[in-house]
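**Q** What follows is the file target19.txt, containing compact mmCIF, C-alpha atoms and all ligand atoms:
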```
# COMPACT_ATOMS: atom_id res chain seq x y z
CA MET C 60 91.10 74.13 113.63
CA THR C 61 92.42 77.43 114.88
CA ASN C 62 93.87 75.61 117.87
CA LEU C 63 96.12 73.38 115.79
CA PRO C 64 99.74 73.69 116.86
CA ASP C 65 101.15 74.00 113.37
CA LEU C 66 99.13 75.56 110.64
CA ALA C 67 102.08 76.00 108.30
CA GLY C 68 101.09 74.67 104.92
CA LEU C 69 97.44 75.07 105.76
CA LYS C 70 97.29 78.76 104.99
CA PRO C 71 94.85 79.66 102.25
CA GLY C 72 96.56 80.30 98.96
CA GLY C 73 97.79 77.51 96.72
CA LYS C 74 95.32 74.97 95.44
CA ARG C 75 97.25 72.18 97.10
CA SER C 76 97.08 73.69 100.60
CA THR C 77 93.35 74.15 100.16
CA LYS C 78 92.96 70.44 99.46
CA ARG C 79 95.13 69.60 102.42
CA GLU C 80 93.09 71.90 104.61
CA GLN C 81 89.92 70.22 103.41
CA ILE C 82 91.27 66.72 104.14
CA VAL C 83 92.58 67.70 107.58
CA SER C 84 89.27 69.27 108.54
CA VAL C 85 87.29 66.21 107.40
CA PHE C 86 89.67 63.94 109.32
CA LEU C 87 89.29 65.99 112.49
CA ARG C 88 85.49 65.77 112.25
CA GLN C 89 85.63 61.95 112.29
CA GLU C 90 85.45 59.93 115.47
CA GLY C 91 87.37 56.79 116.25
CA HIS C 92 89.93 55.00 114.15
CA LEU C 93 89.81 55.31 110.39
CA SER C 94 91.75 53.37 107.82
CA ALA C 95 93.21 55.38 104.92
CA ASP C 96 90.48 53.95 102.69
CA ASP C 97 87.75 54.94 105.16
CA LEU C 98 89.02 58.50 104.95
CA VAL C 99 89.17 58.36 101.14
CA ASP C 100 85.50 57.29 101.12
CA VAL C 101 84.41 60.11 103.42
CA ILE C 102 86.37 62.72 101.50
CA ARG C 103 85.26 61.54 98.09
CA ARG C 104 81.67 61.89 99.25
CA GLU C 105 82.36 65.58 99.86
CA ASP C 106 84.64 66.23 96.92
CA HIS C 107 85.16 63.56 94.28
CA ARG C 108 88.02 65.50 92.67
CA ILE C 109 90.43 64.70 95.52
CA SER C 110 92.57 61.74 94.58
CA ARG C 111 93.38 58.73 96.73
CA ALA C 112 97.09 59.58 96.48
CA THR C 113 96.47 63.07 97.86
CA VAL C 114 94.55 61.65 100.81
CA TYR C 115 97.36 59.15 101.53
CA ARG C 116 99.98 61.87 101.27
CA THR C 117 98.02 64.18 103.55
CA LEU C 118 97.53 61.42 106.12
CA GLN C 119 101.28 60.87 106.25
CA TRP C 120 101.77 64.64 106.55
CA MET C 121 99.29 64.68 109.47
CA VAL C 122 101.21 61.86 111.19
CA ASP C 123 104.50 63.76 110.76
CA ALA C 124 102.89 66.98 111.98
CA GLY C 125 101.53 65.26 115.08
CA ILE C 126 97.87 65.75 114.13
CA ALA C 127 97.20 62.05 113.49
CA ARG C 128 98.52 58.93 115.16
CA LYS C 129 98.95 55.57 113.40
CA VAL C 130 97.49 52.59 115.23
CA ASP C 131 97.83 48.91 114.34
CA PHE C 132 94.92 46.71 115.37
CA GLY C 133 96.48 43.64 113.74
CA GLU C 134 94.26 43.81 110.66
CA GLY C 135 97.11 44.04 108.19
CA ARG C 136 96.58 47.79 107.68
CA PHE C 137 97.00 50.87 109.79
CA ARG C 138 94.25 53.01 111.21
CA PHE C 139 94.51 56.66 112.11
CA GLU C 140 93.22 58.61 115.09
CA HIS C 141 93.52 62.20 116.23
CA SER C 142 96.58 62.74 118.34
CA TYR C 143 96.18 66.40 118.99
CA ARG C 144 94.42 67.06 122.33
CA GLN C 145 93.82 63.32 122.61
CA PRO C 146 95.44 61.71 125.65
CA ARG C 147 97.50 58.57 125.19
CA HIS C 148 95.24 55.58 125.60
CA PHE C 149 94.70 51.85 125.15
CA HIS C 150 92.10 50.02 123.05
CA LEU C 151 89.34 47.43 123.30
CA LEU C 152 88.81 45.85 119.88
CA CYS C 153 85.71 43.99 118.75
CA THR C 154 86.58 41.09 116.44
CA THR C 155 82.97 40.92 115.19
CA CYS C 156 82.13 44.50 114.13
CA HIS C 157 85.75 45.74 114.17
CA ASP C 158 84.74 48.70 116.26
CA SER C 159 87.30 50.02 118.74
CA PHE C 160 86.87 51.58 122.19
CA GLU C 161 89.37 53.63 124.10
CA PHE C 162 90.44 53.69 127.73
CA LEU C 163 93.22 55.05 129.92
CA SER C 164 94.72 53.41 132.95
CA SER C 165 97.17 54.89 135.40
CA ASP C 166 97.58 51.41 136.91
CA ILE C 167 98.67 49.92 133.57
CA GLU C 168 100.98 52.88 132.91
CA ALA C 169 102.58 52.47 136.32
CA LEU C 170 103.01 48.74 135.80
CA LEU C 171 104.53 49.21 132.33
CA ALA C 172 107.00 51.74 133.73
CA GLU C 173 107.85 49.40 136.59
CA VAL C 174 108.50 46.47 134.25
CA ALA C 175 110.63 48.57 131.88
CA THR C 176 112.69 49.95 134.76
CA ALA C 177 113.18 46.53 136.34
CA ARG C 178 114.42 45.20 133.01
CA HIS C 179 116.68 48.25 132.40
CA PHE C 180 114.63 49.09 129.35
CA THR C 181 113.99 52.56 127.94
CA PRO C 182 110.36 52.45 126.76
CA GLU C 183 109.38 54.33 123.63
CA HIS C 184 105.78 53.33 123.35
CA SER C 185 103.61 50.50 124.61
CA VAL C 186 100.53 48.93 123.07
CA VAL C 187 97.80 47.39 125.19
CA GLN C 188 94.84 45.91 123.31
CA ILE C 189 91.92 43.82 124.49
CA HIS C 190 90.46 41.79 121.62
CA GLY C 191 86.99 40.30 122.01
CA THR C 192 83.29 40.93 121.46
CA CYS C 193 81.72 44.30 122.22
CA GLU C 194 78.50 44.73 124.17
CA LYS C 195 76.54 45.75 121.11
CA CYS C 196 77.50 42.62 119.18
CA ARG C 197 76.76 40.45 122.21
CA THR C 198 73.50 41.96 123.52
CA GLY C 199 72.47 44.75 121.16
CA GLU C 200 73.01 47.29 123.98
CA ASN C 201 75.66 49.92 123.60
CA SER C 202 76.75 51.50 126.84
CA SER C 203 80.49 51.11 126.37
CA SER C 204 81.17 53.75 123.74
CA VAL C 205 82.96 56.90 124.86
CA ASP C 206 83.08 58.40 121.36
CA GLY C 207 82.80 62.13 121.21
CA HIS C 208 83.08 62.52 124.97
CA THR C 209 86.70 61.64 125.65
CA ASP C 210 87.80 65.13 126.74
CA LEU C 211 84.96 65.41 129.22
CA LEU C 212 85.31 61.82 130.43
CA PHE C 213 89.03 62.31 130.90
CA ALA C 214 88.37 65.42 132.99
CA ARG C 215 85.65 63.60 134.95
CA ASP C 216 87.88 60.65 135.77
CA ALA C 217 90.90 62.86 136.54
CA LEU C 218 88.68 64.63 139.08
CA ARG C 219 87.53 61.31 140.50
CA ILE C 220 91.16 60.26 141.12
CA ALA C 221 92.00 63.63 142.65
CA ILE C 222 88.94 63.53 144.93
CA ALA C 223 89.67 59.95 146.03
CA THR C 224 93.28 60.91 146.82
CA GLU C 225 92.15 64.00 148.68
CA ARG C 226 89.70 61.99 150.75
CA SER C 227 92.30 59.45 151.77
CA GLY C 228 94.70 62.32 152.52
CA PHE C 229 92.04 63.89 154.75
CA GLU C 230 91.57 60.63 156.64
CA PHE C 231 95.30 60.24 157.01
CA TYR C 232 95.80 63.71 158.52
CA SER C 233 92.79 63.38 160.80
CA LYS C 234 94.27 60.17 162.21
CA ALA C 235 97.73 61.73 162.46
CA ALA C 236 96.31 64.72 164.38
CA ARG C 237 94.60 62.38 166.86
CA ILE C 238 97.75 60.43 167.71
CA THR C 239 100.32 63.24 167.70
CA LYS C 240 101.41 64.43 171.16
CA ASP C 241 103.58 67.38 170.16
CA ALA C 242 101.23 70.37 170.13
CA ARG C 243 102.82 72.11 167.14
CA GLY C 244 102.99 68.91 165.14
CA ARG C 245 99.35 68.19 165.92
CA LYS C 246 98.41 71.65 164.70
CA VAL C 247 100.16 71.00 161.38
CA PHE C 248 98.23 67.78 160.87
CA GLU C 249 94.98 69.52 161.81
CA ASP C 250 95.73 72.30 159.32
CA LEU C 251 96.50 69.80 156.58
CA ALA C 252 93.32 67.83 157.31
CA GLN C 253 91.42 71.11 157.04
CA GLU C 254 93.16 71.96 153.76
CA GLU C 255 92.45 68.55 152.27
CA HIS C 256 88.83 68.97 153.23
CA GLU C 257 88.51 72.41 151.64
CA HIS C 258 90.29 71.26 148.53
CA MET C 259 88.01 68.24 148.33
CA GLU C 260 85.03 70.58 148.34
CA ARG C 261 86.55 72.69 145.58
CA LEU C 262 87.16 69.58 143.48
CA GLU C 263 83.61 68.40 144.09
CA ALA C 264 82.30 71.78 142.95
CA ARG C 265 84.41 71.45 139.81
CA TYR C 266 82.98 67.97 139.32
CA ASP C 267 79.44 69.37 139.55
CA GLU C 268 80.32 71.98 136.93
CA LEU C 269 81.35 69.17 134.58
CA LEU C 270 78.08 67.35 135.23
CA ALA C 271 76.19 70.50 134.32
CA ARG C 272 77.89 70.46 130.92
CA ASP C 273 76.67 66.91 130.21
CA PRO C 274 73.73 65.58 132.24
CA GLU C 275 74.53 62.02 131.07
CA LEU C 276 78.12 62.26 132.24
CA GLU C 277 77.76 60.15 135.38
CA THR C 278 76.25 57.22 133.48
CA ARG C 279 78.92 57.11 130.77
CA PRO C 280 81.47 54.29 131.05
CA THR C 281 84.71 54.64 132.94
CA PHE C 282 87.42 56.02 130.68
CA LEU C 283 90.37 56.28 133.05
CA PHE C 284 90.94 53.24 135.23
CA PHE C 285 92.85 53.62 138.45
CA LYS C 286 92.92 51.45 141.51
CA GLY C 287 96.02 51.60 143.62
CA ALA C 288 97.68 54.33 141.60
CA ALA C 289 97.64 57.36 143.83
CA HIS C 290 95.36 57.13 146.82
CA GLY C 291 96.86 53.78 147.83
CA LEU C 292 99.78 55.85 149.08
CA PHE C 293 97.78 57.53 151.83
CA ASP C 294 95.98 54.31 152.75
CA GLN C 295 99.32 52.64 153.37
CA GLY C 296 100.44 55.65 155.39
CA ALA C 297 97.28 55.54 157.51
CA GLU C 298 97.83 51.84 158.19
CA ARG C 299 101.34 52.53 159.42
CA LEU C 300 100.04 55.31 161.70
CA MET C 301 97.64 52.88 163.35
CA LYS C 302 100.50 50.55 164.23
CA GLY C 303 101.74 53.22 166.61
CA VAL C 304 104.42 55.76 165.74
CA ASN C 305 106.00 58.77 167.41
CA ASP C 306 105.48 62.36 166.21
CA GLN C 307 108.62 62.39 164.13
CA GLN C 308 107.70 59.13 162.39
CA ALA C 309 104.18 60.42 161.73
CA LEU C 310 105.63 63.46 159.94
CA LEU C 311 107.99 61.25 157.95
CA ILE C 312 105.10 59.04 156.84
CA GLY C 313 103.17 62.15 155.77
CA ILE C 314 106.21 63.39 153.84
CA ARG C 315 106.49 60.06 152.03
CA CYS C 316 102.78 60.10 151.11
CA GLU C 317 102.80 63.68 149.82
CA ARG C 318 106.03 63.18 147.89
CA GLY C 319 104.67 60.02 146.26
CA SER C 320 101.40 61.73 145.45
CA HIS C 321 103.08 64.87 144.06
CA ARG C 322 105.39 62.78 141.85
CA PHE C 323 102.60 60.54 140.62
CA PHE C 324 100.26 63.38 139.55
CA LYS C 325 103.02 65.47 138.01
CA LYS C 326 104.46 62.58 136.01
CA TYR C 327 101.05 61.28 135.03
CA GLY C 328 99.67 64.68 134.07
CA GLU C 329 102.71 65.73 132.06
CA GLN C 330 102.38 62.88 129.61
CA PHE C 331 99.07 64.20 128.28
CA GLU C 332 98.46 66.78 125.62
CA GLU C 333 96.98 70.06 126.77
CA SER C 334 93.50 69.26 128.09
CA GLU C 335 91.29 69.87 131.07
CA GLY C 336 92.25 66.48 132.53
CA ARG C 337 95.95 67.30 132.28
CA GLN C 338 95.35 70.61 134.02
CA ILE C 339 93.46 68.88 136.84
CA PHE C 340 96.41 66.53 137.42
CA LEU C 341 99.01 69.32 137.33
CA ASP C 342 97.00 71.62 139.63
CA PHE C 343 96.67 68.75 142.04
CA ALA C 344 100.40 67.95 141.85
CA ALA C 345 101.14 71.58 142.77
CA GLU C 346 98.87 71.39 145.83
CA GLU C 347 100.55 68.20 146.98
CA ARG C 348 103.90 69.97 146.60
CA THR C 349 102.74 72.71 149.00
CA HIS C 350 101.68 70.10 151.54
CA LEU C 351 105.02 68.37 151.15
CA ASP C 352 106.93 71.61 151.82
CA MET C 353 104.79 72.28 154.88
CA LEU C 354 105.54 68.85 156.33
CA VAL C 355 109.26 69.08 155.59
CA ARG C 356 109.43 72.47 157.35
CA GLU C 357 107.57 71.06 160.33
CA TYR C 358 109.77 67.97 160.48
CA ARG C 359 112.91 70.12 160.60
CA ALA C 360 111.42 72.36 163.27
CA LEU C 361 110.44 69.35 165.39
CA VAL C 362 113.90 67.79 165.10
CA SER C 363 115.56 71.05 166.12
CA ARG C 364 113.12 71.53 169.04
CA GLN C 365 113.86 68.02 170.27
CA GLY C 366 117.58 68.66 169.79
CA ARG C 367 117.39 71.82 171.93
CA ARG C 368 115.46 69.98 174.61
CA ARG C 369 118.06 67.23 174.66
CA HIS C 370 120.82 69.84 174.82
CA SER C 371 119.31 71.63 177.79
CA VAL C 372 118.94 68.27 179.58
CA ASP C 373 122.59 67.53 178.75
CA ASP C 374 123.59 70.99 180.05
CA ARG C 375 121.81 70.39 183.33
CA SER C 376 123.30 66.96 183.85
CA GLY C 377 126.68 68.37 182.80
CA ARG C 378 126.40 71.08 185.48
CA ARG C 379 125.31 68.50 188.01
CA ALA C 380 128.29 66.32 187.14
CA ALA C 381 130.62 69.29 187.47
CA ARG C 382 129.44 70.10 190.95
ZN ZN M 1 81.19 44.59 118.03
ZN ZN M 2 92.49 55.25 119.90
```
Represent the supplied structure as structure tokens.

**A**
Amino acid sequence: MTNLPDLAGLKPGGKRSTKREQIVSVFLRQEGHLSADDLVDVIRREDHRISRATVYRTLQWMVDAGIARKVDFGEGRFRFEHSYRQPRHFHLLCTTCHDSFEFLSSDIEALLAEVATARHFTPEHSVVQIHGTCEKCRTGENSSSVDGHTDLLFARDALRIAIATERSGFEFYSKAARITKDARGRKVFEDLAQEEHEHMERLEARYDELLARDPELETRPTFLFFKGAAHGLFDQGAERLMKGVNDQQALLIGIRCERGSHRFFKKYGEQFEESEGRQIFLDFAAEERTHLDMLVREYRALVSRQGRRRHSVDDRSGRRAAR
């Protein structure tokens, strides 16, 4: 509670703010997606003096204050979920038990943005829902719930994306170093491969720290789905390297990969509320930015070296011609 962004109106004092405080704190202790009536039931169990109208009013206040988010699962009534510290997500909805399960997907986000841009549309918000039968209703097993672990799962999956990107970056720079003839350019690729490798180890250590906080973490279901999103960039770059390129082209391909990666992680990370996962994305974006700057510097240096070489050749042939 002390971390809430706006506690105005929640200060102890008036009777009304005490009730509000009580309702907010009960709401924040609940998992999942509650209807207004669900919340009334839970609150009435704790304090029967709180009226339905007060709960409704407080829910609306929480929506306006950005503490709760309204979601519509097509049931003819709204449900409410925490919005504070909760990343934007999509839902799987069971039509049998009416339970709901959350997931994130950078691939879906990227596709939605692509569609909106292609259709000259300014998106405000998008709803993606999968309606069907949950595992528990179908088999009695329940391995698909991420309830109560979303922060940790988000951090885990953010790290998985970062590590996968780092690994493909490492492979890219190792290949680039092998094919580059210019000694200075080769050194830059070797340095970057080395950096990617060290950073990968740091990320893996961070991943292990997360696992230590929850021994079951590895077995919990995927929360953030990504396929092509970020590391596809380096894979494409590596493919182009193998087709045979000169030193300058190799640097340009690297620049394109790092720029794409930096932009992706920055844009993706920034859309989330403050959380460990967001921080992982933004830290990673900053590292990619450093790599990008390094490559751009090297590209300019290479072009100017080649220019000087060409000039001195021109000078010599010029002198020859003058003789
Ligand atoms: Zn179900
Ligand atoms: Zn939700």

**Q** Determine the nearest neighbour of Leu276 of chain C from the options C:Leu211, C:Leu98, C:Val362, C:Cys153, counting only C-alpha atoms.

**A**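 Ranking C:Leu211, C:Leu98, C:Val362, C:Cys153 by distance to Leu276 of chain C, first place goes to C:Leu211.
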
**Q** Which value, in Å to one decimal, gives the distance between atom CA of Arg315 of chain C and atom CA of Glu329 of chain C?

**A**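 Between atom CA of Arg315 of chain C and atom CA of Glu329 of chain C the gap works out to 21.1 Å.
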
**Q** Check which residues fall inside 9 Å of ligand ZN 1 (chain M) when counting all atoms listed in the file, and print them as a ChimeraX atom specification.

**A** /C:152-159,191-197

**Q** Which residues of chain C come within 9 Å of ligand ZN 2 (chain M), and for each one, what is the closest pair of atoms and their distance in Å to one decimal, counting only C-alpha atoms and all ligand atoms, sorted by chain and residue number, as CSV?

**A**
```
residue,atom,partner,partner_atom,distance
C:Gly91,CA,M:ZN2,ZN,6.5
C:His92,CA,M:ZN2,ZN,6.3
C:Arg128,CA,M:ZN2,ZN,8.5
C:Val130,CA,M:ZN2,ZN,7.3
C:Phe139,CA,M:ZN2,ZN,8.2
C:Glu140,CA,M:ZN2,ZN,5.9
C:His141,CA,M:ZN2,ZN,7.9
C:Ser142,CA,M:ZN2,ZN,8.7
C:Gln145,CA,M:ZN2,ZN,8.6
C:Arg147,CA,M:ZN2,ZN,8.0
C:His148,CA,M:ZN2,ZN,6.3
C:Phe149,CA,M:ZN2,ZN,6.6
C:His150,CA,M:ZN2,ZN,6.1
C:Ser159,CA,M:ZN2,ZN,7.5
C:Phe160,CA,M:ZN2,ZN,7.1
C:Glu161,CA,M:ZN2,ZN,5.5
C:Phe162,CA,M:ZN2,ZN,8.2
```

**Q** Counting only C-alpha atoms, what is within 12 Å of Ser110 of chain C, bar same-chain residues fewer than 3 positions away, as number ranges by chain?

**A** C: 75, 78-79, 82, 96, 98-100, 102-104, 106-107, 113-117

**Q** Could you please determine the separation between atom CA of Ser165 of chain C and atom CA of Glu260 of chain C in Å, to one decimal place?

**A**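 Calculated distance between atom CA of Ser165 of chain C and atom CA of Glu260 of chain C is 23.7 Å.
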
**Q** So which one's closest to Asp166 of chain C, C:Phe324, C:Gly313, C:Leu262, C:Phe285? Using only C-alpha atoms, please.

**A**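 Of the candidates, the smallest distance to Asp166 of chain C is held by C:Phe285.
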
**Q** From the list C:Asp123, C:Asp131, C:Glu173, C:Glu335, which residue is nearest Asp210 of chain C when using all atoms listed in the file?

**A**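 Closest to Asp210 of chain C, using all atoms listed in the file: C:Glu335.
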
**Q** Please compute the atom CA of Gly366 of chain C-atom CA of Arg237 of chain C distance, one decimal, in Å.

**A**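 Going from atom CA of Gly366 of chain C over to atom CA of Arg237 of chain C covers 24.0 Å.
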
**Q** Point out the residue among C:Ser227, C:Ser84, C:Gln365, C:Gln188 with the least atom-to-atom distance to Gln295 of chain C, counting all atoms listed in the file.

**A** C:Ser227

**Q** Tell me, as a list in words, which residues lie within 12 Å of Arg359 of chain C, counting all atoms listed in the file; anything in the same chain fewer than 4 positions away does not count.

**A**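 The residues satisfying every condition are Gly244, Gln307, Leu310, Leu311, Ile314, Asp352, Met353, Leu354, Val355, Ser363, Arg364, Gln365 and Gly366 of chain C.
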
**Q** Rank C:Phe282, C:Phe213, C:Phe293, C:Trp120 by their smallest atom-to-atom distance to Lys234 of chain C, using only C-alpha atoms, and report the top residue only.

**A**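 Between C:Phe282, C:Phe213, C:Phe293, C:Trp120, the residue approaching Lys234 of chain C most closely is C:Phe293.
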
**Q** Could you check which of C:Arg279, C:Lys325, C:His350, C:His190 is closest to Gly228 of chain C, using all atoms listed in the file?

**A** C:His350

**Q** List as a PDB file with C-alpha atoms, in the coordinates of the input the protein and nucleic acid residues near Glu347 of chain C, meaning an atom at most 6 Å away when all atoms listed in the file are counted, but skip any in the same chain fewer than 3 places from it.

**A**
```
ATOM      1  CA  GLU C 317     102.800  63.680 149.820  1.00  0.00           C
ATOM      2  CA  HIS C 321     103.080  64.870 144.060  1.00  0.00           C
ATOM      3  CA  ALA C 344     100.400  67.950 141.850  1.00  0.00           C
ATOM      4  CA  HIS C 350     101.680  70.100 151.540  1.00  0.00           C
TER       5      HIS C 350
END
```

**Q** Find the smallest box with edges along x, y and z containing every listed atom of segment 206-225 of chain C, then add 6 Å on each side and report centre and edge lengths in Å to one decimal, as lines of an AutoDock Vina configuration file.

**A**
```
center_x = 88.0
center_y = 61.9
center_z = 134.9
size_x = 22.5
size_y = 19.0
size_z = 39.5
```
